[in-house]
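> Next comes the structure file my_file_35.pdb, holding PDB, C-alpha atoms.
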ATOM      1  CA  MET A   1       6.533  -8.808  14.839
ATOM      2  CA  ASP A   2       7.593 -11.976  13.065
ATOM      3  CA  LEU A   3      10.599 -10.662  11.180
ATOM      4  CA  THR A   4      11.359 -14.008   9.607
ATOM      5  CA  ASP A   5       8.183 -13.548   7.560
ATOM      6  CA  LEU A   6       9.464 -10.439   5.792
ATOM      7  CA  PRO A   7       9.825 -10.863   1.986
ATOM      8  CA  LEU A   8      13.256 -11.361   0.433
ATOM      9  CA  PRO A   9      13.904  -9.172  -2.630
ATOM     10  CA  PRO A  10      15.721 -10.788  -5.549
ATOM     11  CA  GLY A  11      18.980  -8.950  -4.926
ATOM     12  CA  PRO A  12      20.625  -5.887  -3.400
ATOM     13  CA  SER A  13      20.635  -2.532  -5.119
ATOM     14  CA  PRO A  14      23.629  -0.175  -5.016
ATOM     15  CA  GLY A  15      23.726   1.964  -1.896
ATOM     16  CA  LYS A  16      20.747   0.251  -0.268
ATOM     17  CA  PRO A  17      20.793  -2.670   2.156
ATOM     18  CA  ALA A  18      18.643  -5.633   1.169
ATOM     19  CA  PHE A  19      17.409  -8.682   2.982
ATOM     20  CA  ALA A  20      19.895 -11.364   1.963
ATOM     21  CA  ALA A  21      19.141 -15.038   2.324
ATOM     22  CA  ASP A  22      21.786 -15.440   5.039
ATOM     23  CA  LEU A  23      20.517 -12.612   7.254
ATOM     24  CA  GLY A  24      19.045 -13.514  10.614
ATOM     25  CA  PRO A  25      16.114 -11.754  12.358
ATOM     26  CA  ASP A  26      18.437  -9.210  14.008
ATOM     27  CA  ASP A  27      19.937  -8.232  10.643
ATOM     28  CA  ALA A  28      16.479  -7.980   9.078
ATOM     29  CA  PHE A  29      15.341  -5.788  11.961
ATOM     30  CA  ARG A  30      18.309  -3.434  11.538
ATOM     31  CA  ASP A  31      17.628  -3.163   7.811
ATOM     32  CA  LEU A  32      13.962  -2.442   8.454
ATOM     33  CA  VAL A  33      14.803   0.290  10.984
ATOM     34  CA  GLY A  34      17.307   1.807   8.552
ATOM     35  CA  GLN A  35      14.733   1.737   5.780
ATOM     36  CA  LEU A  36      12.179   3.433   8.024
ATOM     37  CA  GLY A  37      14.681   6.159   8.907
ATOM     38  CA  ARG A  38      15.347   6.895   5.243
ATOM     39  CA  GLU A  39      11.667   6.964   4.311
ATOM     40  CA  VAL A  40      10.760   9.332   7.168
ATOM     41  CA  THR A  41      13.796  11.590   6.728
ATOM     42  CA  THR A  42      13.349  12.167   2.983
ATOM     43  CA  PRO A  43      10.025  14.093   3.083
ATOM     44  CA  LEU A  44      11.033  15.941   6.256
ATOM     45  CA  THR A  45      14.298  17.069   4.649
ATOM     46  CA  SER A  46      12.412  18.244   1.573
ATOM     47  CA  ALA A  47       9.945  20.184   3.745
ATOM     48  CA  LEU A  48      12.789  21.796   5.705
ATOM     49  CA  GLU A  49      14.485  22.897   2.480
ATOM     50  CA  ARG A  50      11.237  24.505   1.313
ATOM     51  CA  VAL A  51      10.860  26.368   4.609
ATOM     52  CA  THR A  52      14.473  27.565   4.405
ATOM     53  CA  ALA A  53      13.991  28.794   0.846
ATOM     54  CA  PHE A  54      10.748  30.532   1.820
ATOM     55  CA  ALA A  55      12.433  32.248   4.786
ATOM     56  CA  ALA A  56      15.221  33.496   2.525
ATOM     57  CA  SER A  57      13.074  34.710  -0.370
ATOM     58  CA  GLY A  58       9.768  35.438   1.330
ATOM     59  CA  ARG A  59       7.983  33.739  -1.550
ATOM     60  CA  ILE A  60       6.653  30.256  -2.247
ATOM     61  CA  ASP A  61       4.630  29.059  -5.229
ATOM     62  CA  ARG A  62       1.368  27.177  -5.002
ATOM     63  CA  ALA A  63       2.937  23.805  -5.836
ATOM     64  CA  GLY A  64       5.560  24.299  -3.126
ATOM     65  CA  LEU A  65       2.879  25.188  -0.603
ATOM     66  CA  ARG A  66       0.915  22.053  -1.433
ATOM     67  CA  ALA A  67       4.052  19.948  -1.080
ATOM     68  CA  LEU A  68       4.833  21.619   2.244
ATOM     69  CA  ARG A  69       1.500  20.367   3.537
ATOM     70  CA  THR A  70       1.776  16.836   2.209
ATOM     71  CA  GLU A  71       5.425  16.087   3.045
ATOM     72  CA  PRO A  72       5.090  16.243   6.866
ATOM     73  CA  GLU A  73       1.891  14.190   6.616
ATOM     74  CA  THR A  74       3.742  11.593   4.540
ATOM     75  CA  ALA A  75       6.484  11.407   7.185
ATOM     76  CA  ARG A  76       3.878  11.077   9.941
ATOM     77  CA  ARG A  77       2.094   8.217   8.186
ATOM     78  CA  ARG A  78       5.352   6.378   7.563
ATOM     79  CA  GLY A  79       6.381   6.880  11.187
ATOM     80  CA  LEU A  80       3.173   5.210  12.374
ATOM     81  CA  SER A  81       3.640   2.152  10.154
ATOM     82  CA  PRO A  82       6.031   0.259  12.508
ATOM     83  CA  GLN A  83       3.455   0.484  15.303
ATOM     84  CA  GLN A  84       0.896  -1.111  13.028
ATOM     85  CA  LEU A  85       3.363  -3.739  11.832
ATOM     86  CA  SER A  86       4.133  -4.685  15.423
ATOM     87  CA  ARG A  87       0.471  -4.699  16.414
ATOM     88  CA  PHE A  88      -0.748  -6.855  13.546
ATOM     89  CA  GLY A  89       2.332  -9.073  13.519
ATOM     90  CA  ALA A  90       1.946  -9.907  17.208
ATOM     91  CA  GLY A  91      -1.697 -10.902  16.698
ATOM     92  CA  ARG A  92      -2.972  -8.403  19.253
ATOM     93  CA  VAL A  93      -5.944  -7.396  17.132
ATOM     94  CA  ARG A  94      -9.344  -8.910  17.844
ATOM     95  CA  GLN A  95     -11.259  -8.925  14.594
ATOM     96  CA  THR A  96     -14.964  -8.136  14.513
ATOM     97  CA  GLN A  97     -16.547  -9.640  11.417
ATOM     98  CA  GLN A  98     -19.230  -7.548   9.766
ATOM     99  CA  ARG A  99     -20.746  -7.020   6.361
ATOM    100  CA  LEU A 100     -19.200  -4.014   4.603
ATOM    101  CA  SER A 101     -19.352  -2.515   1.144
ATOM    102  CA  LEU A 102     -15.842  -2.888  -0.244
ATOM    103  CA  THR A 103     -16.728  -0.481  -3.027
ATOM    104  CA  GLN A 104     -17.966   2.315  -0.756
ATOM    105  CA  THR A 105     -15.113   1.836   1.707
ATOM    106  CA  LEU A 106     -12.585   2.293  -1.098
ATOM    107  CA  ARG A 107     -14.413   5.368  -2.389
ATOM    108  CA  ASP A 108     -14.361   6.863   1.106
ATOM    109  CA  ALA A 109     -10.623   6.156   1.441
ATOM    110  CA  LEU A 110      -9.930   7.846  -1.898
ATOM    111  CA  ALA A 111     -12.058  10.849  -0.920
ATOM    112  CA  GLN A 112     -10.072  11.242   2.318
ATOM    113  CA  ARG A 113      -6.862  11.462   0.300
ATOM    114  CA  ALA A 114      -8.233  13.749  -2.440
ATOM    115  CA  ARG A 115      -6.096  16.722  -1.375
ATOM    116  CA  GLU A 116      -2.972  14.566  -1.419
ATOM    117  CA  THR A 117      -3.656  13.168  -4.879
ATOM    118  CA  ALA A 118      -4.182  16.700  -6.170
ATOM    119  CA  ALA A 119      -0.896  17.847  -4.620
ATOM    120  CA  ARG A 120       0.957  14.891  -6.123
ATOM    121  CA  GLY A 121      -0.682  15.372  -9.526
ATOM    122  CA  ILE A 122      -2.024  11.807  -9.548
ATOM    123  CA  GLU A 123      -5.036  10.969 -11.698
ATOM    124  CA  LEU A 124      -7.322   8.297 -10.225
ATOM    125  CA  ARG A 125      -9.321   6.030 -12.526
ATOM    126  CA  GLN A 126     -12.058   3.908 -10.993
ATOM    127  CA  ASP A 127     -14.000   0.938 -12.329
ATOM    128  CA  LEU A 128     -15.759  -0.297  -9.210
ATOM    129  CA  SER A 129     -18.500  -2.912  -9.297
ATOM    130  CA  PRO A 130     -20.658  -3.314  -6.161
ATOM    131  CA  ALA A 131     -19.203  -5.868  -3.743
ATOM    132  CA  ASP A 132     -20.007  -6.659  -0.102
ATOM    133  CA  VAL A 133     -17.533  -8.591   2.037
ATOM    134  CA  ILE A 134     -17.385  -9.976   5.574
ATOM    135  CA  ILE A 135     -14.379  -8.384   7.265
ATOM    136  CA  ASP A 136     -13.170  -6.298  10.207
ATOM    137  CA  ASN A 137     -13.941  -2.627   9.568
ATOM    138  CA  SER A 138     -10.833  -1.055  11.109
ATOM    139  CA  MET A 139      -8.468  -3.557   9.490
ATOM    140  CA  LEU A 140     -10.068  -3.077   6.070
ATOM    141  CA  SER A 141      -9.574   0.675   6.432
ATOM    142  CA  ALA A 142      -5.935   0.148   7.441
ATOM    143  CA  LEU A 143      -5.437  -2.193   4.469
ATOM    144  CA  LEU A 144      -6.804   0.328   1.989
ATOM    145  CA  GLN A 145      -4.757   3.178   3.466
ATOM    146  CA  ALA A 146      -1.605   1.054   3.189
ATOM    147  CA  LEU A 147      -2.505   0.275  -0.433
ATOM    148  CA  LEU A 148      -2.929   3.988  -1.158
ATOM    149  CA  ASP A 149       0.340   4.843   0.611
ATOM    150  CA  TRP A 150       2.225   2.278  -1.453
ATOM    151  CA  SER A 151       0.659   3.210  -4.798
ATOM    152  CA  PHE A 152       0.937   6.977  -4.205
ATOM    153  CA  GLU A 153       4.643   6.837  -3.416
ATOM    154  CA  HIS A 154       5.479   4.855  -6.569
ATOM    155  CA  SER A 155       2.987   5.997  -9.219
ATOM    156  CA  ARG A 156       4.427   8.237 -11.923
ATOM    157  CA  SER A 157       1.178   9.155 -13.686
ATOM    158  CA  HIS A 158      -2.254   7.700 -12.978
ATOM    159  CA  ILE A 159      -3.570   4.871 -10.795
ATOM    160  CA  GLU A 160      -6.341   2.508 -11.832
ATOM    161  CA  PHE A 161      -8.584   0.864  -9.236
ATOM    162  CA  ARG A 162     -10.923  -1.959 -10.194
ATOM    163  CA  ILE A 163     -13.355  -4.053  -8.175
ATOM    164  CA  ASP A 164     -15.051  -7.059  -9.737
ATOM    165  CA  LEU A 165     -16.388 -10.476  -8.753
ATOM    166  CA  LYS A 166     -14.766 -13.793  -9.619
ATOM    167  CA  PRO A 167     -17.623 -16.052 -10.798
ATOM    168  CA  TRP A 168     -16.840 -19.230  -8.886
ATOM    169  CA  PRO A 169     -16.276 -19.333  -6.079
ATOM    170  CA  VAL A 170     -17.739 -15.865  -5.755
ATOM    171  CA  HIS A 171     -14.850 -13.751  -4.466
ATOM    172  CA  ALA A 172     -14.552  -9.976  -4.671
ATOM    173  CA  ARG A 173     -11.285  -8.808  -6.231
ATOM    174  CA  LEU A 174      -9.636  -5.431  -5.765
ATOM    175  CA  ALA A 175      -6.975  -4.585  -8.341
ATOM    176  CA  CYS A 176      -4.635  -1.605  -8.346
ATOM    177  CA  ARG A 177      -2.521  -0.823 -11.417
ATOM    178  CA  PHE A 178      -0.008   1.959 -12.039
ATOM    179  CA  ALA A 179       3.240   2.731 -13.864
ATOM    180  CA  HIS A 180       6.197   3.191 -11.542
ATOM    181  CA  VAL A 181       8.726   3.769 -14.343
ATOM    182  CA  PRO A 182       8.071   6.231 -17.207
ATOM    183  CA  ALA A 183       8.194   4.673 -20.652
ATOM    184  CA  ASP A 184      11.297   6.656 -21.628
ATOM    185  CA  GLU A 185      13.142   5.431 -18.523
ATOM    186  CA  LEU A 186      12.458   1.713 -18.881
ATOM    187  CA  PRO A 187      15.611  -0.422 -18.453
ATOM    188  CA  THR A 188      16.867  -2.168 -21.558
ATOM    189  CA  MET A 189      18.479  -5.123 -19.780
ATOM    190  CA  PRO A 190      16.725  -7.683 -17.497
ATOM    191  CA  THR A 191      19.459  -7.216 -14.876
ATOM    192  CA  GLN A 192      18.658  -3.518 -14.676
ATOM    193  CA  ALA A 193      14.975  -4.276 -14.066
ATOM    194  CA  SER A 194      15.732  -6.713 -11.245
ATOM    195  CA  ALA A 195      18.098  -4.234  -9.625
ATOM    196  CA  THR A 196      15.284  -1.703  -9.187
ATOM    197  CA  ALA A 197      12.816  -4.171  -7.630
ATOM    198  CA  PRO A 198      13.851  -3.766  -3.947
ATOM    199  CA  ALA A 199      12.957  -0.047  -4.106
ATOM    200  CA  LEU A 200       9.295  -1.120  -4.308
ATOM    201  CA  ASP A 201       9.430  -3.024  -1.003
ATOM    202  CA  THR A 202       8.920   0.013   1.196
ATOM    203  CA  ILE A 203       7.502   0.175   4.723
ATOM    204  CA  ALA A 204       4.044   0.678   3.212
ATOM    205  CA  TRP A 205       4.492  -2.554   1.235
ATOM    206  CA  HIS A 206       5.507  -4.527   4.337
ATOM    207  CA  LEU A 207       2.442  -3.201   6.174
ATOM    208  CA  LEU A 208       0.135  -3.968   3.244
ATOM    209  CA  ARG A 209       1.486  -7.504   2.992
ATOM    210  CA  ARG A 210       1.128  -8.087   6.748
ATOM    211  CA  LEU A 211      -2.455  -6.817   6.805
ATOM    212  CA  ALA A 212      -3.462  -8.991   3.848
ATOM    213  CA  LYS A 213      -1.965 -12.048   5.539
ATOM    214  CA  THR A 214      -3.655 -11.288   8.880
ATOM    215  CA  LEU A 215      -7.018 -10.881   7.120
ATOM    216  CA  GLY A 216      -6.512 -14.064   5.093
ATOM    217  CA  LEU A 217      -6.637 -12.290   1.730
ATOM    218  CA  PRO A 218      -4.698 -13.867  -1.158
ATOM    219  CA  MET A 219      -2.536 -11.221  -2.793
ATOM    220  CA  GLN A 220      -0.720 -11.239  -6.123
ATOM    221  CA  ARG A 221       1.797  -8.654  -7.318
ATOM    222  CA  GLU A 222       2.823  -8.568 -10.970
ATOM    223  CA  GLU A 223       5.311  -6.315 -12.735
ATOM    224  CA  SER A 224       5.707  -5.873 -16.477
ATOM    225  CA  ALA A 225       7.430  -3.127 -18.476
ATOM    226  CA  GLY A 226       7.518  -0.698 -15.585
ATOM    227  CA  THR A 227       3.867  -1.280 -14.659
ATOM    228  CA  LEU A 228       2.700  -2.820 -11.395
ATOM    229  CA  ARG A 229      -0.575  -4.638 -10.820
ATOM    230  CA  LEU A 230      -1.624  -5.730  -7.355
ATOM    231  CA  THR A 231      -4.700  -7.926  -6.850
ATOM    232  CA  LEU A 232      -6.343  -8.655  -3.505
ATOM    233  CA  GLU A 233      -8.963 -11.395  -3.303
ATOM    234  CA  PHE A 234     -11.671 -11.461  -0.629
ATOM    235  CA  PRO A 235     -12.806 -15.055   0.084
ATOM    236  CA  ARG A 236     -15.635 -13.967   2.415
ATOM    237  CA  THR A 237     -17.849 -12.305  -0.152
ATOM    238  CA  VAL A 238     -21.607 -11.842   0.038
ATOM    239  CA  ASP A 239     -23.389 -13.163  -3.038
ATOM    240  CA  ALA A 240     -27.185 -12.960  -3.430
ATOM    241  CA  GLY A 241     -27.693 -13.289   0.293
ATOM    242  CA  GLN A 242     -25.208 -16.118   0.628
ATOM    243  CA  VAL A 243     -21.820 -15.832   2.364
ATOM    244  CA  THR A 244     -18.992 -17.939   0.982
ATOM    245  CA  LEU A 245     -16.937 -19.300   3.861
ATOM    246  CA  SER A 246     -13.334 -20.256   3.274
ATOM    247  CA  SER A 247     -12.258 -20.587   6.898
ATOM    248  CA  PRO A 248     -13.699 -22.817   9.629
ATOM    249  CA  ALA A 249     -12.754 -20.105  12.153
ATOM    250  CA  PHE A 250     -15.414 -17.757  10.778
ATOM    251  CA  ASP A 251     -18.125 -17.272  13.397
ATOM    252  CA  GLU A 252     -21.595 -16.851  11.942
TER
END
Please go through the file and, once you have read it, give me the structure as structure tokens.

Amino acid sequence: MDLTDLPLPPGPSPGKPAFAADLGPDDAFRDLVGQLGREVTTPLTSALERVTAFAASGRIDRAGLRALRTEPETARRRGLSPQQLSRFGAGRVRQTQQRLSLTQTLRDALAQRARETAARGIELRQDLSPADVIIDNSMLSALLQALLDWSFEHSRSHIEFRIDLKPWPVHARLACRFAHVPADELPTMPTQASATAPALDTIAWHLLRRLAKTLGLPMQREESAGTLRLTLEFPRTVDAGQVTLSSPAFDE
């Protein structure tokens, strides 16, 4: 994994290590490992506390039971992320280009996580236009799962997914928008807003960013008033039987 390519947040937050400009690869690696440990331990600790409470009282409500199913799965998914980061970062993946429906692939990914969204109380809003792209199937699936992981762990209400086509050049665009800070908890000072930014750069974010870069997908992340919008652009989009090529390495 090319650790020097990891993003640098604007500044450290209290109690959490951040990637400072003067850190070398070894320091960045230690911070990443520490971050992984925290993200895996948190849901496991919560699940253990629920089991302990259930053993003591002999009772557990429906919401607690749902959480007890999703928390270990969350820890498992986060634990697998470093393997994917290492695999994609080292360039050990041979991509097989094929025509896929971006729209249907996203719908399938959301359907697979339906139980989790119900347990988390997340409302999904979809505005998906038909769009076919030329891309590796397994890597597209991994990209979408990383996007869902990242949005699920930060969303505080609903998540909006939108797929449309940029007119020229014809590129499919996938946008994800959600509020990560409730309106009544928005910071009043710009310094407070910047201090919370590193919390968004989780393991899921690092994996999402790495996958987008490996696939050659331009990505833009915007934050405004506690709301995040992430846009992924797919240069190899099928349009009326024509494939737009943005890379000479693409093999017809």
> Run the PyMOL selection byres ((chain A and resi 159) around 8) against the file shown and list the residues it catches, as a list in words.
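Written out, the selection comes to Ile122, Glu123, Leu124, Arg125, Ser151, Ser155, Ser157, His158, Glu160, Phe161, Cys176, Arg177, Phe178 and Ala179 of chain A.
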> Write out as a PyMOL selection string the residues lying within 10 Å of Leu148 in chain A, counting all atoms listed in the file and excluding same-chain residues fewer than 6 positions away.
chain A and resi 106+109-110+113+117+142+159+176+204+208
> What do you get, as a list in words, if you spell out every residue that the PyMOL selection byres ((chain A and resi 93-101) around 6) selects here?
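This file, filtered by the PyMOL selection byres ((chain A and resi 93-101) around 6), leaves Gly91, Arg92, Leu102, Thr103, Gln104, Ala131, Asp132, Val133, Ile134, Ile135 and Asp136 of chain A.
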> Pick the closest to Arg62 in chain A from A:Leu165, A:Ala199, A:Ala119, A:Leu232: which is it, counting all atoms listed in the file?
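Of the candidates, the smallest distance to Arg62 in chain A is held by A:Ala119.
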> Just checking: using only C-alpha atoms, which residue out of A:Leu48, A:Ala175, A:Phe152, A:Thr214 ends up closest to Ala114 in chain A?
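That would be A:Phe152, the residue with the smallest distance to Ala114 in chain A.
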> So the first atom is CA of Met219 in chain A and the second is CA of Trp168 in chain A; what is the distance between them in Å, to one decimal place?
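Going from CA of Met219 in chain A over to CA of Trp168 in chain A, I get 17.5 Å.
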> Range 210-215 of chain A, all listed atoms, 3 Å padding on each side: what axis-aligned box centre and edge lengths in Å to one decimal come out, as JSON?

{"center_x": -2.9, "center_y": -9.4, "center_z": 6.4, "size_x": 14.1, "size_y": 11.2, "size_z": 11.0}
> Looking at A:Arg120, A:Arg50, A:Arg107, A:His180, which one is nearest to Gly226 in chain A, with distances taken over all atoms listed in the file?
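Of all the options, A:His180 lies closest to Gly226 in chain A.
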> Taking all atoms listed in the file into account, name the residue in A:Asp127, A:Pro167, A:Asp239, A:Thr70 that is nearest to Ala47 in chain A.
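Using all atoms listed in the file, Ala47 in chain A sits closest to A:Thr70.
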